[in-house]
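Chemist: To start, I am sharing the structure in question, which I have written as structure tokens.
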Amino acid sequence: MSTQGLDAFAGWVEGLMRQRGYDIDSPRGGGKSRIADEAGVHRAAVTRLLQRQSMPDLETMRRIAPLLGVSVRDMLIRSGRVTPEELPMAADLLPAADWQPSLEDFARWLGVPDERMGVFVKVVNQFLEPDEEVRDTGGAAESRRTARD
């Protein structure tokens with residue numbers, strides 16, 4: 001990491017520490033020791049970061065992030081260790097809200113081989129579609145549909 005990248009990351013972390021009420025500016029404020037104690041990391045790791053000497057390791061970031069009110073993902077991206085594309089948000093991996101998976105989609109997720117896809121879909125459809133007896137009773141079909149939906 002470049003000196004400029006380390007400086008920018010350390011400046012961001014300093015701002016977060018100040019926002020959370022850690023006195024990291026005065027020599028006797030105890031903010032560095034306090035955050036190190038609360039995070040369960042060595043004070044030296046906090047000091048080295050704030051003095052722009054070194055980037056914290058992953059475990060230190062994992063412990064400090066919750067105290068600063070940020071995610072480890074944000075810390076990793078801000079540190080330059082990963083890009084947002086390398087560590088996408090879970091919501092970015094989800095399909096669109098209006099997307100309805102097909103039986104073929106479920107079959108693929110379950111690992112059904114392509115040559116058995118048709119059989120899988122046919123069998124599952126038998127369980128999803130009401131048969132003649134259920135259609136004749138009316139109420140049973142409604143309760144089945146409600147339970148399925």
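By order in the structure tokens, chains are A, B, ...; within a chain, residues start at 1; ligands start at 1, following the order shown.
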Give me every helix (DSSP H, G or I) residue in chain A, going by DSSP on the backbone, as a PyMOL selection string.

Modeler: chain A and resi 3-19+31-39+43-50+58-68+72-79+90-93+103-110+114-128+132-137+139-148

Chemist: Which polymer residues have any atom within 9 Å of an atom of Arg63 (chain A), counting only C-alpha atoms, with same-chain residues fewer than 3 positions away left out, as a ChimeraX atom specification?

Modeler: /A:38-41,58-60,66-67,72

Chemist: Store the residues picked out above in a file with all heavy atoms, as a PDB file, in the first residue's frame.

Modeler:
ATOM      1  N   GLU A  38     -10.905  -2.232  24.471  1.00  0.00           N
ATOM      2  CA  GLU A  38     -12.268  -2.606  24.099  1.00  0.00           C
ATOM      3  C   GLU A  38     -12.305  -3.540  22.894  1.00  0.00           C
ATOM      4  O   GLU A  38     -13.175  -4.400  22.797  1.00  0.00           O
ATOM      5  CB  GLU A  38     -13.103  -1.351  23.822  1.00  0.00           C
ATOM      6  CG  GLU A  38     -13.411  -0.565  25.076  1.00  0.00           C
ATOM      7  CD  GLU A  38     -14.170   0.726  24.815  1.00  0.00           C
ATOM      8  OE1 GLU A  38     -14.663   0.936  23.674  1.00  0.00           O
ATOM      9  OE2 GLU A  38     -14.271   1.544  25.743  1.00  0.00           O
ATOM     10  N   ALA A  39     -11.349  -3.365  21.985  1.00  0.00           N
ATOM     11  CA  ALA A  39     -11.303  -4.217  20.795  1.00  0.00           C
ATOM     12  C   ALA A  39     -10.545  -5.512  21.054  1.00  0.00           C
ATOM     13  O   ALA A  39     -10.666  -6.458  20.278  1.00  0.00           O
ATOM     14  CB  ALA A  39     -10.649  -3.465  19.640  1.00  0.00           C
ATOM     15  N   GLY A  40      -9.757  -5.537  22.118  1.00  0.00           N
ATOM     16  CA  GLY A  40      -8.963  -6.730  22.398  1.00  0.00           C
ATOM     17  C   GLY A  40      -7.758  -6.856  21.483  1.00  0.00           C
ATOM     18  O   GLY A  40      -7.374  -7.959  21.088  1.00  0.00           O
ATOM     19  N   VAL A  41      -7.164  -5.710  21.137  1.00  0.00           N
ATOM     20  CA  VAL A  41      -5.964  -5.709  20.296  1.00  0.00           C
ATOM     21  C   VAL A  41      -4.837  -5.017  21.058  1.00  0.00           C
ATOM     22  O   VAL A  41      -5.065  -4.352  22.066  1.00  0.00           O
ATOM     23  CB  VAL A  41      -6.214  -5.002  18.941  1.00  0.00           C
ATOM     24  CG1 VAL A  41      -7.315  -5.700  18.163  1.00  0.00           C
ATOM     25  CG2 VAL A  41      -6.541  -3.534  19.124  1.00  0.00           C
ATOM     26  N   LEU A  58      -5.855  -8.197   9.330  1.00  0.00           N
ATOM     27  CA  LEU A  58      -7.278  -8.514   9.222  1.00  0.00           C
ATOM     28  C   LEU A  58      -7.931  -8.697  10.588  1.00  0.00           C
ATOM     29  O   LEU A  58      -9.026  -8.190  10.842  1.00  0.00           O
ATOM     30  CB  LEU A  58      -7.472  -9.780   8.375  1.00  0.00           C
ATOM     31  CG  LEU A  58      -8.907 -10.278   8.246  1.00  0.00           C
ATOM     32  CD1 LEU A  58      -9.812  -9.237   7.617  1.00  0.00           C
ATOM     33  CD2 LEU A  58      -8.947 -11.577   7.451  1.00  0.00           C
ATOM     34  N   GLU A  59      -7.286  -9.404  11.491  1.00  0.00           N
ATOM     35  CA  GLU A  59      -7.880  -9.646  12.813  1.00  0.00           C
ATOM     36  C   GLU A  59      -8.079  -8.336  13.573  1.00  0.00           C
ATOM     37  O   GLU A  59      -9.098  -8.140  14.230  1.00  0.00           O
ATOM     38  CB  GLU A  59      -7.008 -10.613  13.625  1.00  0.00           C
ATOM     39  CG  GLU A  59      -7.628 -11.030  14.937  1.00  0.00           C
ATOM     40  CD  GLU A  59      -8.985 -11.727  14.800  1.00  0.00           C
ATOM     41  OE1 GLU A  59      -9.259 -12.355  13.764  1.00  0.00           O
ATOM     42  OE2 GLU A  59      -9.784 -11.638  15.756  1.00  0.00           O
ATOM     43  N   THR A  60      -7.129  -7.429  13.473  1.00  0.00           N
ATOM     44  CA  THR A  60      -7.276  -6.127  14.132  1.00  0.00           C
ATOM     45  C   THR A  60      -8.450  -5.358  13.533  1.00  0.00           C
ATOM     46  O   THR A  60      -9.255  -4.769  14.259  1.00  0.00           O
ATOM     47  CB  THR A  60      -5.968  -5.322  14.012  1.00  0.00           C
ATOM     48  OG1 THR A  60      -4.910  -6.073  14.624  1.00  0.00           O
ATOM     49  CG2 THR A  60      -6.085  -3.970  14.690  1.00  0.00           C
ATOM     50  N   PRO A  66     -16.399  -3.052  14.629  1.00  0.00           N
ATOM     51  CA  PRO A  66     -17.665  -2.863  15.366  1.00  0.00           C
ATOM     52  C   PRO A  66     -17.627  -1.687  16.345  1.00  0.00           C
ATOM     53  O   PRO A  66     -18.630  -1.003  16.533  1.00  0.00           O
ATOM     54  CB  PRO A  66     -17.846  -4.178  16.125  1.00  0.00           C
ATOM     55  CG  PRO A  66     -16.946  -5.163  15.466  1.00  0.00           C
ATOM     56  CD  PRO A  66     -15.845  -4.381  14.842  1.00  0.00           C
ATOM     57  N   LEU A  67     -16.478  -1.441  16.933  1.00  0.00           N
ATOM     58  CA  LEU A  67     -16.365  -0.307  17.865  1.00  0.00           C
ATOM     59  C   LEU A  67     -16.522   1.029  17.142  1.00  0.00           C
ATOM     60  O   LEU A  67     -16.999   2.003  17.724  1.00  0.00           O
ATOM     61  CB  LEU A  67     -15.009  -0.327  18.574  1.00  0.00           C
ATOM     62  CG  LEU A  67     -14.758  -1.479  19.530  1.00  0.00           C
ATOM     63  CD1 LEU A  67     -13.346  -1.413  20.074  1.00  0.00           C
ATOM     64  CD2 LEU A  67     -15.758  -1.462  20.669  1.00  0.00           C
ATOM     65  N   VAL A  72     -16.505  -4.699   8.517  1.00  0.00           N
ATOM     66  CA  VAL A  72     -15.163  -5.137   8.135  1.00  0.00           C
ATOM     67  C   VAL A  72     -15.001  -4.933   6.634  1.00  0.00           C
ATOM     68  O   VAL A  72     -13.926  -4.548   6.167  1.00  0.00           O
ATOM     69  CB  VAL A  72     -14.923  -6.610   8.534  1.00  0.00           C
ATOM     70  CG1 VAL A  72     -13.579  -7.101   8.045  1.00  0.00           C
ATOM     71  CG2 VAL A  72     -15.039  -6.773  10.045  1.00  0.00           C
TER      72      VAL A  72
END

Chemist: For each of A:Asp37, A:Asp74, A:Glu14, A:Asp25, take the minimum atom-to-atom distance to Leu50 (chain A), counting only C-alpha atoms, then give the residue where this is smallest.

Modeler: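 Answer, going by the shortest atom-to-atom distance: A:Glu14.
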
Chemist: Find the residues around Gly69 (chain A) up to 10 Å (only C-alpha atoms counted), leave out those fewer than 6 positions away in its own chain, and share them as a PyMOL selection string.

Modeler: chain A and resi 16-17+19-20

Chemist: May I ask for the distance between CA of Asp105 (chain A) and CA of Phe120 (chain A), given in Å to one decimal place?

Modeler: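 A separation of 11.2 Å between them.
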
Chemist: Mind pulling up the distance from CA of Val13 (chain A) to CA of Met61 (chain A)?

Modeler: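 Those two atoms sit 10.5 Å apart.
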
Chemist: So, with only C-alpha atoms as the atoms that count, which of A:Met55, A:Ala36, A:Ala44, A:Leu103 lies closest to Ala10 (chain A)?

Modeler: A:Met55

Chemist: Mind giving me the straight-line distance from CA of Arg73 (chain A) to CA of Ser33 (chain A) in Å, one decimal?

Modeler: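 According to the coordinates, CA of Arg73 (chain A) and CA of Ser33 (chain A) are separated by 24.3 Å.
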
Chemist: Give me the residues near Ala8 (chain A) as a list in words, where near means some atom within 10 Å (using only C-alpha atoms) and where sequence neighbours in that chain fewer than 6 positions away do not count.

Modeler: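 Here the answer would be Ser2, Glu14, Arg52, Arg78 and Ser79 of chain A.
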
Chemist: Could those selected residues go to a file with C-alpha atoms, as a CSV table (one decimal), in the first residue's frame?

Modeler:
chain,number,residue,atom,x,y,z
A,2,SER,CA,1.2,3.5,-0.8
A,14,GLU,CA,-9.1,8.7,13.2
A,52,ARG,CA,0.8,6.1,9.7
A,78,ARG,CA,-11.1,1.7,2.5
A,79,SER,CA,-7.7,0.1,3.3

Chemist: Return the single residue from A:Gln51, A:Arg43, A:Ser26, A:Trp109 that is closest to Thr3 (chain A), with distances computed using only C-alpha atoms.

Modeler: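 Of A:Gln51, A:Arg43, A:Ser26, A:Trp109, the one nearest Thr3 (chain A) is A:Gln51, counting only C-alpha atoms.
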